[in-house]
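K.L.:
Provided herewith: upload_8.cif, mmCIF, C-alpha atoms and all ligand atoms.
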data_structure
#
loop_
_atom_site.label_atom_id
_atom_site.label_comp_id
_atom_site.auth_asym_id
_atom_site.auth_seq_id
_atom_site.Cartn_x
_atom_site.Cartn_y
_atom_site.Cartn_z
CA MET A 1 -4.47 4.31 4.97
CA ASP A 2 -1.79 2.02 6.43
CA LYS A 3 0.93 0.29 4.39
CA GLN A 4 -1.05 -2.96 3.99
CA GLN A 5 -4.18 -1.13 2.84
CA ARG A 6 -2.14 0.89 0.33
CA ILE A 7 -0.70 -2.33 -1.14
CA ILE A 8 -4.16 -3.89 -1.48
CA GLN A 9 -5.51 -0.70 -3.07
CA MET A 10 -2.63 -0.74 -5.55
CA PHE A 11 -3.55 -4.28 -6.65
CA ASN A 12 -7.16 -3.19 -7.04
CA ASP A 13 -6.01 -0.32 -9.25
CA ILE A 14 -3.78 -2.43 -11.53
CA SER A 15 -6.08 -5.46 -11.70
CA PRO A 16 -7.44 -4.74 -15.24
CA THR A 17 -3.95 -4.99 -16.78
CA TYR A 18 -2.38 -7.41 -14.27
CA ASP A 19 -2.50 -10.64 -16.34
CA ARG A 20 -1.32 -9.02 -19.57
CA LEU A 21 1.58 -7.26 -17.88
CA ASN A 22 2.58 -10.36 -15.96
CA ARG A 23 3.06 -12.28 -19.20
CA ILE A 24 4.87 -9.42 -20.95
CA LEU A 25 7.16 -8.53 -18.06
CA SER A 26 8.17 -12.09 -17.23
CA PHE A 27 8.38 -13.12 -20.92
CA GLY A 28 5.99 -15.92 -19.95
CA VAL A 29 8.60 -17.72 -17.82
CA ASP A 30 6.45 -17.34 -14.71
CA ARG A 31 4.25 -20.06 -16.21
CA ARG A 32 7.12 -22.50 -15.98
CA TRP A 33 7.85 -21.55 -12.36
CA ARG A 34 4.19 -22.04 -11.43
CA ARG A 35 3.98 -25.35 -13.31
CA ASN A 36 7.16 -26.69 -11.66
CA GLY A 37 6.01 -25.68 -8.16
CA CYS A 38 2.56 -27.26 -8.52
CA GLN A 39 3.93 -30.44 -10.12
CA ALA A 40 6.54 -30.90 -7.39
CA ALA A 41 4.07 -30.29 -4.55
CA MET A 42 1.38 -32.52 -6.07
CA LYS A 43 3.92 -35.32 -6.44
CA ILE A 44 5.01 -34.93 -2.80
CA HIS A 45 1.38 -34.87 -1.64
CA GLY A 46 0.73 -37.92 -3.80
CA GLY A 47 -2.99 -38.56 -3.15
CA PRO A 48 -6.46 -37.06 -3.43
CA VAL A 49 -6.71 -33.47 -2.27
CA ARG A 50 -9.77 -32.75 -0.14
CA HIS A 51 -9.28 -28.99 0.00
CA LEU A 52 -6.74 -26.73 -1.68
CA VAL A 53 -6.52 -23.10 -0.57
CA ASP A 54 -4.71 -20.57 -2.78
CA VAL A 55 -3.96 -17.42 -0.77
CA ALA A 56 -3.28 -14.05 -2.45
CA THR A 57 -4.84 -15.81 -5.41
CA GLY A 58 -5.01 -12.60 -7.48
CA THR A 59 -6.61 -13.42 -10.82
CA GLY A 60 -6.49 -17.14 -9.99
CA ASP A 61 -3.56 -18.13 -12.22
CA LEU A 62 -2.00 -20.63 -9.84
CA ILE A 63 -5.27 -22.56 -9.51
CA LEU A 64 -5.10 -23.36 -13.23
CA PHE A 65 -1.63 -24.83 -12.72
CA TRP A 66 -2.79 -26.81 -9.66
CA ARG A 67 -5.53 -28.35 -11.78
CA GLN A 68 -3.10 -29.21 -14.58
CA ALA A 69 -0.64 -30.79 -12.14
CA ALA A 70 -3.38 -32.86 -10.49
CA ALA A 71 -4.80 -34.00 -13.84
CA SER A 72 -1.38 -35.00 -15.18
CA GLN A 73 -0.74 -37.10 -12.06
CA GLY A 74 -4.24 -38.62 -11.93
CA ILE A 75 -5.00 -36.84 -8.65
CA THR A 76 -8.44 -35.48 -7.81
CA ILE A 77 -9.06 -32.17 -6.05
CA GLU A 78 -12.37 -32.14 -4.27
CA ARG A 79 -12.59 -28.48 -3.30
CA ILE A 80 -10.66 -25.29 -4.12
CA THR A 81 -10.81 -21.93 -2.35
CA GLY A 82 -9.07 -18.77 -3.60
CA VAL A 83 -8.52 -15.95 -1.09
CA ASP A 84 -7.43 -12.37 -1.76
CA PRO A 85 -8.18 -9.01 -0.11
CA ALA A 86 -8.32 -7.10 -3.44
CA ARG A 87 -11.84 -7.28 -4.85
CA GLY A 88 -10.72 -6.14 -8.33
CA MET A 89 -8.38 -9.14 -8.61
CA LEU A 90 -11.05 -11.55 -7.35
CA GLU A 91 -13.60 -10.31 -9.89
CA LEU A 92 -11.20 -11.25 -12.70
CA ALA A 93 -10.44 -14.60 -11.06
CA GLN A 94 -14.16 -15.37 -10.96
CA GLU A 95 -14.43 -14.79 -14.71
CA LYS A 96 -11.38 -16.93 -15.45
CA VAL A 97 -11.63 -19.93 -13.13
CA ASN A 98 -14.70 -22.14 -12.59
CA ASP A 99 -15.78 -24.21 -9.62
CA VAL A 100 -13.77 -22.29 -7.06
CA THR A 101 -15.03 -20.48 -3.96
CA PHE A 102 -13.45 -17.04 -3.82
CA LEU A 103 -13.21 -15.21 -0.50
CA GLU A 104 -12.20 -11.59 0.04
CA ALA A 105 -9.76 -11.68 2.97
CA PRO A 106 -6.11 -11.10 3.88
CA ALA A 107 -3.62 -13.92 4.49
CA THR A 108 -3.52 -12.97 8.15
CA ALA A 109 -7.22 -13.64 8.77
CA LEU A 110 -8.34 -16.55 6.60
CA PRO A 111 -12.08 -17.15 7.00
CA LEU A 112 -11.59 -20.92 7.10
CA ALA A 113 -11.82 -23.48 9.91
CA ASP A 114 -8.79 -25.09 11.55
CA GLY A 115 -7.15 -28.14 9.94
CA GLN A 116 -9.30 -28.30 6.81
CA ALA A 117 -6.76 -27.89 3.99
CA ASP A 118 -4.39 -30.48 2.50
CA LEU A 119 -2.56 -27.86 0.44
CA VAL A 120 -2.12 -24.12 0.97
CA SER A 121 -0.33 -22.06 -1.68
CA ILE A 122 0.74 -18.47 -2.17
CA SER A 123 2.47 -17.38 -5.38
CA TYR A 124 4.21 -14.01 -5.53
CA GLY A 125 1.95 -12.89 -2.70
CA ILE A 126 3.79 -13.33 0.61
CA ARG A 127 6.03 -10.33 -0.21
CA ASN A 128 2.93 -8.15 -0.17
CA VAL A 129 1.82 -9.30 3.26
CA VAL A 130 3.13 -6.89 5.86
CA ASP A 131 2.68 -9.37 8.75
CA VAL A 132 4.43 -12.47 7.34
CA ASP A 133 4.48 -14.26 10.73
CA GLY A 134 0.72 -13.73 11.03
CA ALA A 135 0.17 -15.26 7.57
CA LEU A 136 2.37 -18.30 8.26
CA LYS A 137 0.47 -18.84 11.51
CA GLU A 138 -2.78 -18.86 9.52
CA PHE A 139 -1.41 -21.32 6.92
CA TYR A 140 -0.41 -23.64 9.77
CA ARG A 141 -3.78 -23.28 11.46
CA ILE A 142 -5.89 -24.16 8.41
CA LEU A 143 -3.65 -27.05 7.28
CA ALA A 144 -4.45 -30.60 8.34
CA PRO A 145 -1.56 -32.44 10.03
CA GLY A 146 0.74 -33.65 7.21
CA GLY A 147 -0.57 -30.91 4.86
CA LEU A 148 1.77 -28.90 2.64
CA ALA A 149 2.32 -25.16 2.27
CA VAL A 150 3.78 -24.02 -1.06
CA ILE A 151 5.31 -20.58 -1.49
CA LEU A 152 6.62 -19.13 -4.77
CA GLU A 153 8.41 -15.83 -4.39
CA PHE A 154 11.13 -13.47 -5.60
CA MET A 155 13.55 -13.35 -2.69
CA SER A 156 16.05 -10.62 -1.91
CA ARG A 157 19.68 -11.62 -2.34
CA GLU A 158 22.68 -10.61 -0.29
CA LYS A 159 25.45 -11.68 -2.69
CA LEU A 160 24.60 -10.68 -6.23
CA THR A 161 25.60 -12.91 -9.14
CA LEU A 162 25.90 -11.57 -12.67
CA MET A 163 22.38 -12.87 -13.34
CA ASP A 164 21.09 -11.00 -10.24
CA ARG A 165 22.70 -7.77 -11.45
CA MET A 166 21.13 -8.14 -14.89
CA ASN A 167 17.78 -8.93 -13.28
CA ARG A 168 18.06 -5.87 -11.04
CA LEU A 169 18.83 -3.66 -14.00
CA TYR A 170 15.77 -5.03 -15.78
CA MET A 171 13.55 -4.72 -12.68
CA HIS A 172 14.60 -1.14 -11.89
CA GLN A 173 15.02 0.30 -15.38
CA VAL A 174 12.80 -1.57 -17.83
CA LEU A 175 9.94 -3.01 -15.79
CA PRO A 176 8.69 0.28 -14.22
CA ARG A 177 8.64 1.96 -17.64
CA VAL A 178 6.77 -0.83 -19.45
CA GLY A 179 4.49 -1.30 -16.43
CA ALA A 180 3.67 2.41 -16.32
CA LEU A 181 3.02 2.54 -20.05
CA ILE A 182 0.47 -0.27 -20.02
CA SER A 183 -1.13 0.08 -16.58
CA ARG A 184 -0.83 3.90 -16.40
CA ASP A 185 0.32 3.32 -12.80
CA LYS A 186 4.00 4.14 -12.43
CA ALA A 187 4.01 3.77 -8.65
CA ALA A 188 2.77 0.18 -8.77
CA TYR A 189 5.57 -0.95 -11.04
CA THR A 190 8.18 0.93 -9.03
CA TYR A 191 6.84 -0.82 -5.94
CA LEU A 192 7.53 -4.27 -7.45
CA PRO A 193 11.37 -4.13 -7.61
CA GLU A 194 11.53 -2.22 -4.34
CA SER A 195 9.36 -4.78 -2.56
CA ILE A 196 11.68 -7.58 -3.73
CA GLN A 197 14.77 -5.73 -2.56
CA ASP A 198 13.16 -5.00 0.82
CA PHE A 199 11.90 -8.56 1.29
CA MET A 200 13.58 -11.44 3.08
CA SER A 201 16.28 -13.73 1.78
CA ARG A 202 15.65 -17.41 1.16
CA GLU A 203 17.39 -18.27 4.48
CA GLN A 204 15.32 -15.75 6.45
CA LEU A 205 12.03 -17.16 5.11
CA CYS A 206 13.22 -20.72 5.88
CA ASP A 207 13.85 -19.61 9.49
CA LYS A 208 10.41 -18.03 9.73
CA LEU A 209 8.78 -21.19 8.34
CA SER A 210 10.49 -23.36 10.92
CA GLN A 211 9.61 -20.89 13.71
CA ALA A 212 5.98 -21.22 12.58
CA GLY A 213 6.23 -24.99 13.14
CA PHE A 214 6.72 -26.24 9.57
CA GLU A 215 9.10 -29.05 8.55
CA PRO A 216 11.21 -28.33 5.45
CA VAL A 217 10.44 -30.54 2.44
CA MET A 218 11.94 -28.75 -0.58
CA VAL A 219 13.46 -25.38 -1.49
CA ARG A 220 14.26 -24.90 -5.16
CA ASP A 221 15.56 -21.93 -7.10
CA GLU A 222 14.29 -21.30 -10.61
CA PHE A 223 16.11 -19.37 -13.30
CA LEU A 224 19.35 -19.04 -11.30
CA GLY A 225 17.53 -17.87 -8.21
CA ILE A 226 15.22 -15.26 -9.72
CA SER A 227 12.22 -17.16 -8.30
CA THR A 228 12.26 -19.61 -5.38
CA CYS A 229 9.81 -22.37 -4.52
CA PHE A 230 9.44 -23.42 -0.86
CA ILE A 231 7.49 -26.55 0.08
CA VAL A 232 7.02 -27.22 3.80
CA ARG A 233 4.86 -29.59 5.82
CA LYS A 234 2.77 -29.22 8.94
CA PRO A 235 4.06 -32.19 10.96
CA ALA A 236 1.83 -35.27 10.74
CA SER A 237 2.15 -35.48 14.52
CA ALA A 238 0.73 -31.95 15.01
CA ALA A 239 -2.32 -31.94 17.25
CA THR A 240 -5.57 -32.23 15.29
CA PRO A 241 -7.61 -29.13 16.08
C1 LIG B 1 1.71 -10.21 -7.34
S1 LIG B 1 0.04 -10.62 -7.02
C2 LIG B 1 0.08 -12.38 -7.17
C3 LIG B 1 -1.25 -12.94 -7.56
C4 LIG B 1 -1.25 -14.43 -7.90
N1 LIG B 1 -0.99 -15.26 -6.76
C5 LIG B 1 -0.30 -14.73 -9.01
O1 LIG B 1 0.56 -15.59 -8.83
O2 LIG B 1 -0.43 -14.11 -10.08
C6 LIG B 1 -0.06 -10.36 -5.30
C7 LIG B 1 -1.43 -10.57 -4.70
O3 LIG B 1 -1.31 -10.44 -3.28
C8 LIG B 1 -2.50 -9.86 -2.82
N2 LIG B 1 -2.30 -9.33 -1.46
C9 LIG B 1 -1.82 -8.13 -1.09
N3 LIG B 1 -1.81 -8.04 0.24
C10 LIG B 1 -2.28 -9.21 0.72
C11 LIG B 1 -2.52 -9.73 2.03
N4 LIG B 1 -2.26 -9.02 3.12
N5 LIG B 1 -3.02 -10.97 2.15
C12 LIG B 1 -3.27 -11.72 1.04
N6 LIG B 1 -3.07 -11.28 -0.21
C13 LIG B 1 -2.57 -10.05 -0.37
C14 LIG B 1 -2.82 -8.81 -3.86
O4 LIG B 1 -4.16 -8.38 -3.80
C15 LIG B 1 -2.47 -9.54 -5.14
O5 LIG B 1 -3.58 -10.18 -5.70
#
Written as C-alpha cells, how would this file's structure read?
Ligand SMILES: C[S@@+](CC[C@H](N)C(=O)[O-])C[C@H]1O[C@@H](n2cnc3c(N)ncnc32)[C@H](O)[C@@H]1O
P.N.:
Amino acid sequence: MDKQQRIIQMFNDISPTYDRLNRILSFGVDRRWRRNGCQAAMKIHGGPVRHLVDVATGTGDLILFWRQAAASQGITIERITGVDPARGMLELAQEKVNDVTFLEAPATALPLADGQADLVSISYGIRNVVDVDGALKEFYRILAPGGLAVILEFMSREKLTLMDRMNRLYMHQVLPRVGALISRDKAAYTYLPESIQDFMSREQLCDKLSQAGFEPVMVRDEFLGISTCFIVRKPASAATP
C-alpha cells in the first residue's frame, strides 16, 4: 500500500468516530472557521451557484455550512457534489446530508467535466493529498472561468508564536491520547499533528496556487493562525474548455 492509500485507509478506519472526535478535539471552534470561510466565499461569489463541489468532503460537514451561508445571503445553490476516496466517510455523509451527489474519488482525479463548477472547496483535506499540484490542477480544470476555490487548512509554521507553541503541545500531547481513547486508533491521531508539521506553510501554498493559475482573492488566519482560509479565483479570462 502506498502512502496515499494508507491515508485513505486510515480515514476509513476512523470514520465511525470522526465527527464526535472533531467536535471534542477542536472544542467546536472548527464550526466557526467553516462558517467564516463559507460566508466570505459566498459573499465574494455573490450570485446563484450552479454547481458547488466539495472535495475531501469526509462526512459532509462543510456542505452544511455552504448551505447556511447561501441561505443567509439569499443565494441559491442548484447542485452540490461531495467527493472523497474513503467510502466509510462517504457513507456517513450520505446519512447526514440530503440532496447531494457523492462520488468516491481522490482530489487528483475528479470524475467531473471541465469548467462545470462555480465553487470548489476542500476543508482540512488538502494536507492529506500526497500530490497537491495534481489536486490544484483538477480544481482549476473543473472550475468555470471566474469560479472560486476555497481551502481551509492547518498550515505548518516556521516562526512559532506562543499560541503556536501551546497548540503544538496540545496537538502532540493531548490530541493523540484523547483520539486514541475514543477511536481506538492511536496511529491516526498521531498522524494528525505530524501531517500538519510536515505540510506547507501559508506562503508555500500561495505559491502553488499561483503556479496552478489561480488569482489570489483572500487569505485569512483564524484563531491566531491555527487555521487558514484561502480563497482564489480561476481568472475570468481563462479559456472556456
Ligand atoms: C480531516 S478529513 C476532512 C473532512 C471534511 N472535509 C471536514 O472538513 O471535516 C480529511 C478527508 O480527506 C480525505 N482524503 C484523503 N486523501 C484524499 C485524497 N487523495 N483526495 C481527496 N480526499 C482525500 C479523507 O478521506 C478525509 O475524508
K.L.:
Kindly extract all protein, DNA and RNA residues lying within 12 Å of the coordinates (-2.5, -9.5, 2.5) given in the file, considering only C-alpha atoms, and supply them as a ChimeraX atom specification.
P.N.:
/A:3-11,55-58,83-86,104-110,122,124-136,138
K.L.:
From the list A:Tyr18, A:Phe139, A:Phe154, A:Phe102, which residue is nearest Thr228 (chain A) when using all atoms listed in the file?
P.N.:
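Closest residue, counting all atoms listed in the file: A:Phe154.
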K.L.:
Just want the 7 Å neighbourhood of region 42-50 of chain A, counted on all atoms listed in the file, with same-chain residues fewer than 2 positions away dropped. Output as a ChimeraX atom specification.
P.N.:
/A:38-40,52,69-70,75-79,118
K.L.:
Have a look at A:Val174, A:Gly115, A:Met218, A:Leu192 and name the one nearest to ligand LIG 1 (chain B); count all atoms listed in the file.
P.N.:
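Comparing A:Val174, A:Gly115, A:Met218, A:Leu192 against ligand LIG 1 (chain B), the winner is A:Leu192.
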K.L.:
Determine, counting only C-alpha atoms, which protein, DNA and RNA residues have an atom within 9 Å of an atom of region 184-189 of chain A; residues of the same chain fewer than 6 positions away are not included. Present the result as a tab-separated table (two decimals) with C-alpha atoms, keeping the file's coordinate frame.
P.N.:
chain	number	residue	atom	x	y	z
A	7	ILE	CA	-0.70	-2.33	-1.14
A	10	MET	CA	-2.63	-0.74	-5.55
A	11	PHE	CA	-3.55	-4.28	-6.65
A	13	ASP	CA	-6.01	-0.32	-9.25
A	14	ILE	CA	-3.78	-2.43	-11.53
A	171	MET	CA	13.55	-4.72	-12.68
A	175	LEU	CA	9.94	-3.01	-15.79
A	176	PRO	CA	8.69	0.28	-14.22
A	177	ARG	CA	8.64	1.96	-17.64
A	178	VAL	CA	6.77	-0.83	-19.45
K.L.:
From the options A:Met155, A:Leu143, A:Val120, A:Ile226, which residue's atoms come nearest to Ala41 (chain A), counting all atoms listed in the file?
P.N.:
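When distances to Ala41 (chain A) are compared using all atoms listed in the file, the smallest one comes from A:Val120.
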K.L.:
Rounded to one decimal place, report the CA of Arg34 (chain A)-CA of Glu215 (chain A) distance in Å.
P.N.:
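Between these atoms lies a distance of 21.7 Å.
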K.L.:
Suppose you want the space between CA of Ala239 (chain A) and CA of Gly213 (chain A); what is it in Å?
P.N.:
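Straight-line distance from CA of Ala239 (chain A) to CA of Gly213 (chain A) works out to 11.8 Å.
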K.L.:
If you keep all heavy atoms, can you output region 155-168 of chain A as a short mmCIF file (atom, residue, chain, number, x, y, z; two decimals), in the first residue's frame?
P.N.:
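Done, and the output landed in decode-v2.cif:
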data_model
loop_
_atom_site.label_atom_id
_atom_site.label_comp_id
_atom_site.auth_asym_id
_atom_site.auth_seq_id
_atom_site.Cartn_x
_atom_site.Cartn_y
_atom_site.Cartn_z
N MET A 155 -1.88 25.06 8.58
CA MET A 155 -0.62 25.16 7.86
C MET A 155 0.56 25.02 8.82
O MET A 155 0.43 25.34 10.01
CB MET A 155 -0.53 26.54 7.15
CG MET A 155 -1.72 26.88 6.29
SD MET A 155 -2.11 25.63 5.04
CE MET A 155 -0.71 25.73 3.95
N SER A 156 1.70 24.56 8.28
CA SER A 156 2.87 24.49 9.16
C SER A 156 3.44 25.90 9.30
O SER A 156 3.20 26.76 8.45
CB SER A 156 3.90 23.53 8.60
OG SER A 156 4.57 24.13 7.53
N ARG A 157 4.13 26.13 10.39
CA ARG A 157 4.62 27.49 10.66
C ARG A 157 6.11 27.44 10.91
O ARG A 157 6.62 26.56 11.59
CB ARG A 157 3.93 28.04 11.91
CG ARG A 157 2.47 27.73 11.96
CD ARG A 157 1.60 28.84 11.65
NE ARG A 157 1.61 29.84 12.70
CZ ARG A 157 1.07 31.03 12.54
NH1 ARG A 157 0.55 31.36 11.38
NH2 ARG A 157 1.07 31.90 13.53
N GLU A 158 6.81 28.42 10.31
CA GLU A 158 8.26 28.45 10.50
C GLU A 158 8.61 29.12 11.83
O GLU A 158 9.31 28.56 12.65
CB GLU A 158 8.93 29.14 9.31
CG GLU A 158 9.13 28.16 8.15
CD GLU A 158 8.95 28.80 6.79
OE1 GLU A 158 9.17 30.01 6.66
OE2 GLU A 158 8.58 28.05 5.85
N LYS A 159 8.06 30.34 12.03
CA LYS A 159 8.34 31.04 13.30
C LYS A 159 7.17 30.78 14.24
O LYS A 159 6.03 31.12 13.92
CB LYS A 159 8.45 32.54 13.05
CG LYS A 159 9.75 32.93 12.41
CD LYS A 159 9.88 34.45 12.36
CE LYS A 159 10.98 34.83 11.40
NZ LYS A 159 10.70 36.01 10.61
N LEU A 160 7.47 30.19 15.38
CA LEU A 160 6.38 29.82 16.30
C LEU A 160 6.09 30.92 17.31
O LEU A 160 6.99 31.39 18.01
CB LEU A 160 6.74 28.54 17.05
CG LEU A 160 6.95 27.28 16.20
CD1 LEU A 160 7.12 26.07 17.10
CD2 LEU A 160 5.79 27.05 15.24
N THR A 161 4.82 31.33 17.38
CA THR A 161 4.40 32.28 18.41
C THR A 161 4.08 31.47 19.67
O THR A 161 4.06 30.23 19.63
CB THR A 161 3.12 33.02 17.97
OG1 THR A 161 2.10 32.03 17.80
CG2 THR A 161 3.32 33.78 16.67
N LEU A 162 3.76 32.18 20.73
CA LEU A 162 3.39 31.49 21.98
C LEU A 162 2.16 30.61 21.73
O LEU A 162 2.09 29.46 22.19
CB LEU A 162 3.13 32.52 23.08
CG LEU A 162 2.72 31.94 24.43
CD1 LEU A 162 3.87 31.10 25.02
CD2 LEU A 162 2.34 33.05 25.41
N MET A 163 1.21 31.15 20.98
CA MET A 163 -0.02 30.41 20.65
C MET A 163 0.32 29.13 19.87
O MET A 163 -0.24 28.06 20.13
CB MET A 163 -0.93 31.32 19.81
CG MET A 163 -2.26 30.70 19.48
SD MET A 163 -3.24 30.52 20.97
CE MET A 163 -4.77 29.96 20.27
N ASP A 164 1.28 29.24 18.92
CA ASP A 164 1.69 28.06 18.14
C ASP A 164 2.30 26.99 19.05
O ASP A 164 2.07 25.80 18.89
CB ASP A 164 2.74 28.44 17.09
CG ASP A 164 2.17 29.32 16.00
OD1 ASP A 164 0.98 29.15 15.69
OD2 ASP A 164 2.90 30.18 15.50
N ARG A 165 3.11 27.47 20.02
CA ARG A 165 3.76 26.50 20.92
C ARG A 165 2.73 25.78 21.78
O ARG A 165 2.81 24.58 21.98
CB ARG A 165 4.76 27.22 21.84
CG ARG A 165 6.02 27.60 21.12
CD ARG A 165 6.97 28.36 22.03
NE ARG A 165 7.84 29.20 21.23
CZ ARG A 165 8.90 28.75 20.55
NH1 ARG A 165 9.23 27.49 20.62
NH2 ARG A 165 9.62 29.56 19.83
N MET A 166 1.73 26.55 22.24
CA MET A 166 0.68 25.93 23.06
C MET A 166 -0.13 24.96 22.20
O MET A 166 -0.48 23.86 22.63
CB MET A 166 -0.25 27.01 23.64
CG MET A 166 0.40 27.73 24.82
SD MET A 166 -0.41 29.26 25.23
CE MET A 166 -2.07 28.76 25.49
N ASN A 167 -0.40 25.36 20.98
CA ASN A 167 -1.15 24.49 20.06
C ASN A 167 -0.39 23.21 19.78
O ASN A 167 -0.94 22.12 19.76
CB ASN A 167 -1.44 25.26 18.76
CG ASN A 167 -2.31 24.46 17.82
OD1 ASN A 167 -3.27 23.82 18.25
ND2 ASN A 167 -1.97 24.44 16.56
N ARG A 168 0.94 23.35 19.58
CA ARG A 168 1.76 22.17 19.32
C ARG A 168 1.76 21.19 20.49
O ARG A 168 1.68 19.98 20.30
CB ARG A 168 3.19 22.60 19.02
CG ARG A 168 3.53 22.28 17.61
CD ARG A 168 4.94 22.52 17.30
NE ARG A 168 4.98 22.95 15.90
CZ ARG A 168 6.04 22.96 15.17
NH1 ARG A 168 7.18 22.62 15.68
NH2 ARG A 168 5.98 23.32 13.93
#
